[in-house]
Amino acid sequence: MLATALIAVLAAPPAHPDSWMPFTNQRFVAANGRDYVVAWWRKKDPKQKKDWPRVLRIEIARAAKGAENVPVAKSDFKTHATIPAGIGVRRGDTLTAQFDLDQAPIEVLFDANGVTFFECHGSVGLGAWSALSLKWDGTERFRMKLDDFRFTQKEKASFGRTVSSIWWYDKVWIDHAEHALVVAGKNGAMRSVDLRDGDVTPVGPEAYGRFLADHHDAYAWMHQTETYADAMIADAPAMVASAAAPPLARILAASKAGRLGMHSGAEYVAKLATAEADCDATTRALAIRTLPYAAEPSDAAAAMRTVFAQRKDLDALSRRALARALYLARQDLETEVAIFAREGERFALPALLACARENTEGAAARAIPTMLKVTTAREFESIAGIVVFLTQAKIDGALPQLERLAKELAALDPNFAGEESTGFGGGKRLVSQRYIESTQNAIGHQRR
């Protein structure tokens, strides 16, 4: 038995070292601006001279009727005999509960009937609790450790391990429609915890849909976190077809299905992207971003041309997403140049350059001289991108505009962007001077 245990220990992967920033004394505030929690380290005995032993004082409070919303506030991370200034319960507000914890929470989540402290700072998965849920008066609704989430052995095998913690989750939120705490674990392992009694159930894509509906700007997190998006693939076609699912969830599902060659959601996404179907600007922006993945390239190009013709909600796109959209919108050369030139006035050159680098002979590159006409010597960000590109590729018609920029740069007031920066050789020179030199390099390349 001893030999078997020793083998198991030796076979276990080593725990990686880690470090934590100290927990900051602070005030957590609910989305409604009315309910809040104050958490601060206090000496266990106010008369003790040393900081330890210490406990985390928790105060749950609600703003007085008619009072202004409560702001989030932070102080220091020291231990105090009395509460540090600036984070306490405001005068006139109602203190509903006060107690001490031995460990600080990583997250504080509010729902209609109480508050949940999630995971212990400094010891994720190994602390006194992984979830501690309370009513407003401090009465405990449930207390859970990691094992209480009932993950399978296969799911547990995907959890990371460091000296201090078991890294088992990536996102947690309150599903207000279901009155539940939802935890997105590693590799798509998700659990829903009933806020009334702590009952645990596995959940799937429908929880994503409600999360996206409740947290309207959360699509960016979901879109970038491939682990959770991939967990939706099996149910993606059904979610796209479900009129009951929130638009953001349907768009995300269509994108994931499209990457696997299933384009059943393309029509739905295209209607949102081209304003054929009503939706708000945030939803339309996500539709535009995901259209290249949800639809066949030819269909995406046609829809993108419509998007650019309408000029709706494009400001919400990142430069990278805009570049992709511009690239897909290509048609005949003249149309493409017109699109690039027109949009370049609003989005400057970086997006155009991202497209031009894909094909130095394409219309994006052909549009550069037109784009340069709207670039001034004071737009250093645009100049930085274009001069680097034009030291690598020769573009007909770019030279006259580069020469014009060089003259404008030379005529700039030396005090404009004149802070000194250290160059590669160690010497110092004005920022504006560096752009003059870069522009001259681009001119030299175009003249060759």
# chains A, B, ... in the order shown; residues from 1 in each chain; ligands from 1
call {"tool": "select_by_dssp", "arguments": {"residues": "region 44-211 of chain A", "states": "strand (DSSP E or B)", "output": "number ranges by chain"}}
result
A: 54-62, 73-74, 80, 94-101, 105-111, 114-120, 131-135, 140-144, 160-162, 166-167, 169-175, 180-185, 190-194, 200-202
call {"tool": "residues_around", "arguments": {"residues": "Ala112 (chain A)", "least_positions_apart": "6", "cutoff": "12 Å", "atoms": "only C-alpha atoms", "output": "tab-separated table (two decimals) with N, CA and C atoms, in the first residue's frame"}}
result
chain	number	residue	atom	x	y	z
A	30	ALA	N	-23.02	46.42	-6.17
A	30	ALA	CA	-23.88	45.71	-7.12
A	30	ALA	C	-24.16	46.57	-8.34
A	31	ALA	N	-24.62	45.94	-9.42
A	31	ALA	CA	-24.91	46.67	-10.66
A	31	ALA	C	-25.99	47.72	-10.45
A	32	ASN	N	-26.86	47.52	-9.46
A	32	ASN	CA	-27.93	48.50	-9.22
A	32	ASN	C	-27.44	49.75	-8.50
A	34	ARG	N	-26.97	50.21	-5.48
A	34	ARG	CA	-27.60	50.40	-4.17
A	34	ARG	C	-27.04	49.45	-3.10
A	35	ASP	N	-26.86	48.19	-3.47
A	35	ASP	CA	-26.35	47.20	-2.52
A	35	ASP	C	-24.83	47.15	-2.61
A	134	LEU	N	-24.79	34.21	0.99
A	134	LEU	CA	-25.50	34.73	2.16
A	134	LEU	C	-26.72	35.55	1.77
A	135	LYS	N	-27.70	35.59	2.66
A	135	LYS	CA	-28.81	36.53	2.53
A	135	LYS	C	-28.30	37.91	2.95
A	136	TRP	N	-29.13	38.93	2.71
A	136	TRP	CA	-28.71	40.29	3.06
A	136	TRP	C	-28.42	40.45	4.55
A	174	ILE	N	-23.87	35.52	-12.20
A	174	ILE	CA	-25.22	35.23	-11.71
A	174	ILE	C	-26.17	35.14	-12.90
A	175	ASP	N	-26.85	34.02	-13.03
A	175	ASP	CA	-27.90	33.86	-14.04
A	175	ASP	C	-29.20	34.31	-13.37
A	176	HIS	N	-29.59	35.55	-13.63
A	176	HIS	CA	-30.74	36.12	-12.92
A	176	HIS	C	-32.05	35.45	-13.30
A	177	ALA	N	-32.15	35.00	-14.54
A	177	ALA	CA	-33.39	34.34	-14.97
A	177	ALA	C	-33.61	33.02	-14.24
A	178	GLU	N	-32.52	32.33	-13.95
A	178	GLU	CA	-32.61	31.03	-13.29
A	178	GLU	C	-32.31	31.10	-11.80
A	179	HIS	N	-32.02	32.30	-11.30
A	179	HIS	CA	-31.66	32.47	-9.88
A	179	HIS	C	-30.54	31.52	-9.50
A	180	ALA	N	-29.47	31.55	-10.31
A	180	ALA	CA	-28.39	30.59	-10.11
A	180	ALA	C	-27.02	31.25	-10.25
A	195	LEU	N	-29.29	29.34	-6.15
A	195	LEU	CA	-28.97	30.29	-5.08
A	195	LEU	C	-29.83	30.11	-3.84
A	196	ARG	N	-30.90	29.36	-3.95
A	196	ARG	CA	-31.77	29.16	-2.79
A	196	ARG	C	-31.24	28.10	-1.84
call {"tool": "atom_distance", "arguments": {"atom1": "CA of Arg143 (chain A)", "atom2": "CA of Val193 (chain A)"}}
result
11.0 Å
call {"tool": "closest_residue", "arguments": {"among": "A:Gly397, A:Ile166, A:Ile383, A:Ala295", "to": "Gln440 (chain A)", "atoms": "only C-alpha atoms"}}
result
A:Ile383
call {"tool": "residues_around", "arguments": {"residues": "Thr283 (chain A)", "least_positions_apart": "3", "cutoff": "8 Å", "atoms": "only C-alpha atoms", "output": "list in words"}}
result
Pro247, Leu248, Leu272, Cys279, Asp280, Leu286 and Ala287 of chain A
call {"tool": "select_by_dssp", "arguments": {"residues": "region 116-313 of chain A", "states": "alpha helix (DSSP H)", "output": "ChimeraX atom specification"}}
result
/A:153-156,205-214,219-224,226-230,236-241,247-259,266-273,281-294,297-310
call {"tool": "atom_distance", "arguments": {"atom1": "CA of Lys407 (chain A)", "atom2": "CA of Lys394 (chain A)"}}
result
20.4 Å
call {"tool": "residues_around", "arguments": {"residues": "Glu403 (chain A)", "least_positions_apart": "5", "cutoff": "9 Å", "atoms": "only C-alpha atoms", "output": "list in words"}}
result
Ala398, Glu408, Thr439, Gln440 and Ile443 of chain A
call {"tool": "atom_distance", "arguments": {"atom1": "CA of Ala39 (chain A)", "atom2": "CA of Tyr169 (chain A)"}}
result
23.2 Å
call {"tool": "residues_around", "arguments": {"residues": "region 121-129 of chain A", "least_positions_apart": "5", "cutoff": "8 Å", "atoms": "only C-alpha atoms", "output": "PyMOL selection string"}}
result
chain A and resi 20+23+103-106+143-146+164-168
call {"tool": "write_last_selection", "arguments": {"atoms": "N, CA and C atoms", "output": "mmCIF file, in the first residue's frame"}}
result
data_model
loop_
_atom_site.group_PDB
_atom_site.id
_atom_site.type_symbol
_atom_site.label_atom_id
_atom_site.label_comp_id
_atom_site.auth_asym_id
_atom_site.auth_seq_id
_atom_site.Cartn_x
_atom_site.Cartn_y
_atom_site.Cartn_z
ATOM 1 N N TRP A 20 0.926 36.074 -5.402
ATOM 2 C CA TRP A 20 -0.317 36.834 -5.339
ATOM 3 C C TRP A 20 -0.031 38.266 -4.888
ATOM 4 N N PHE A 23 -4.517 41.326 -1.069
ATOM 5 C CA PHE A 23 -5.920 41.723 -1.214
ATOM 6 C C PHE A 23 -6.073 43.178 -0.773
ATOM 7 N N GLN A 103 -10.557 34.401 5.294
ATOM 8 C CA GLN A 103 -9.955 34.552 3.979
ATOM 9 C C GLN A 103 -10.754 35.548 3.141
ATOM 10 N N ALA A 104 -10.056 36.213 2.213
ATOM 11 C CA ALA A 104 -10.709 37.217 1.368
ATOM 12 C C ALA A 104 -11.247 36.570 0.094
ATOM 13 N N PRO A 105 -12.348 37.085 -0.444
ATOM 14 C CA PRO A 105 -12.891 36.540 -1.684
ATOM 15 C C PRO A 105 -12.188 37.111 -2.913
ATOM 16 N N ILE A 106 -12.193 36.337 -3.986
ATOM 17 C CA ILE A 106 -11.702 36.855 -5.264
ATOM 18 C C ILE A 106 -12.797 37.659 -5.945
ATOM 19 N N ARG A 143 -22.699 26.918 1.619
ATOM 20 C CA ARG A 143 -21.246 27.019 1.621
ATOM 21 C C ARG A 143 -20.722 25.795 0.870
ATOM 22 N N MET A 144 -19.824 26.014 -0.108
ATOM 23 C CA MET A 144 -19.360 24.922 -0.950
ATOM 24 C C MET A 144 -17.843 24.933 -1.062
ATOM 25 N N LYS A 145 -17.267 23.738 -1.102
ATOM 26 C CA LYS A 145 -15.869 23.587 -1.464
ATOM 27 C C LYS A 145 -15.823 23.035 -2.884
ATOM 28 N N LEU A 146 -14.637 22.942 -3.437
ATOM 29 C CA LEU A 146 -14.499 22.534 -4.830
ATOM 30 C C LEU A 146 -15.169 21.193 -5.110
ATOM 31 N N SER A 164 -0.115 27.147 -4.559
ATOM 32 C CA SER A 164 -1.161 27.689 -3.692
ATOM 33 C C SER A 164 -2.564 27.243 -4.060
ATOM 34 N N SER A 165 -2.786 26.854 -5.325
ATOM 35 C CA SER A 165 -4.160 26.775 -5.811
ATOM 36 C C SER A 165 -4.403 25.655 -6.815
ATOM 37 N N ILE A 166 -5.690 25.347 -6.980
ATOM 38 C CA ILE A 166 -6.178 24.512 -8.082
ATOM 39 C C ILE A 166 -6.953 25.441 -9.004
ATOM 40 N N TRP A 167 -6.474 25.624 -10.221
ATOM 41 C CA TRP A 167 -7.085 26.578 -11.151
ATOM 42 C C TRP A 167 -8.168 25.871 -11.952
ATOM 43 N N TRP A 168 -9.361 25.908 -11.404
ATOM 44 C CA TRP A 168 -10.439 25.083 -11.945
ATOM 45 C C TRP A 168 -11.513 25.864 -12.695
#
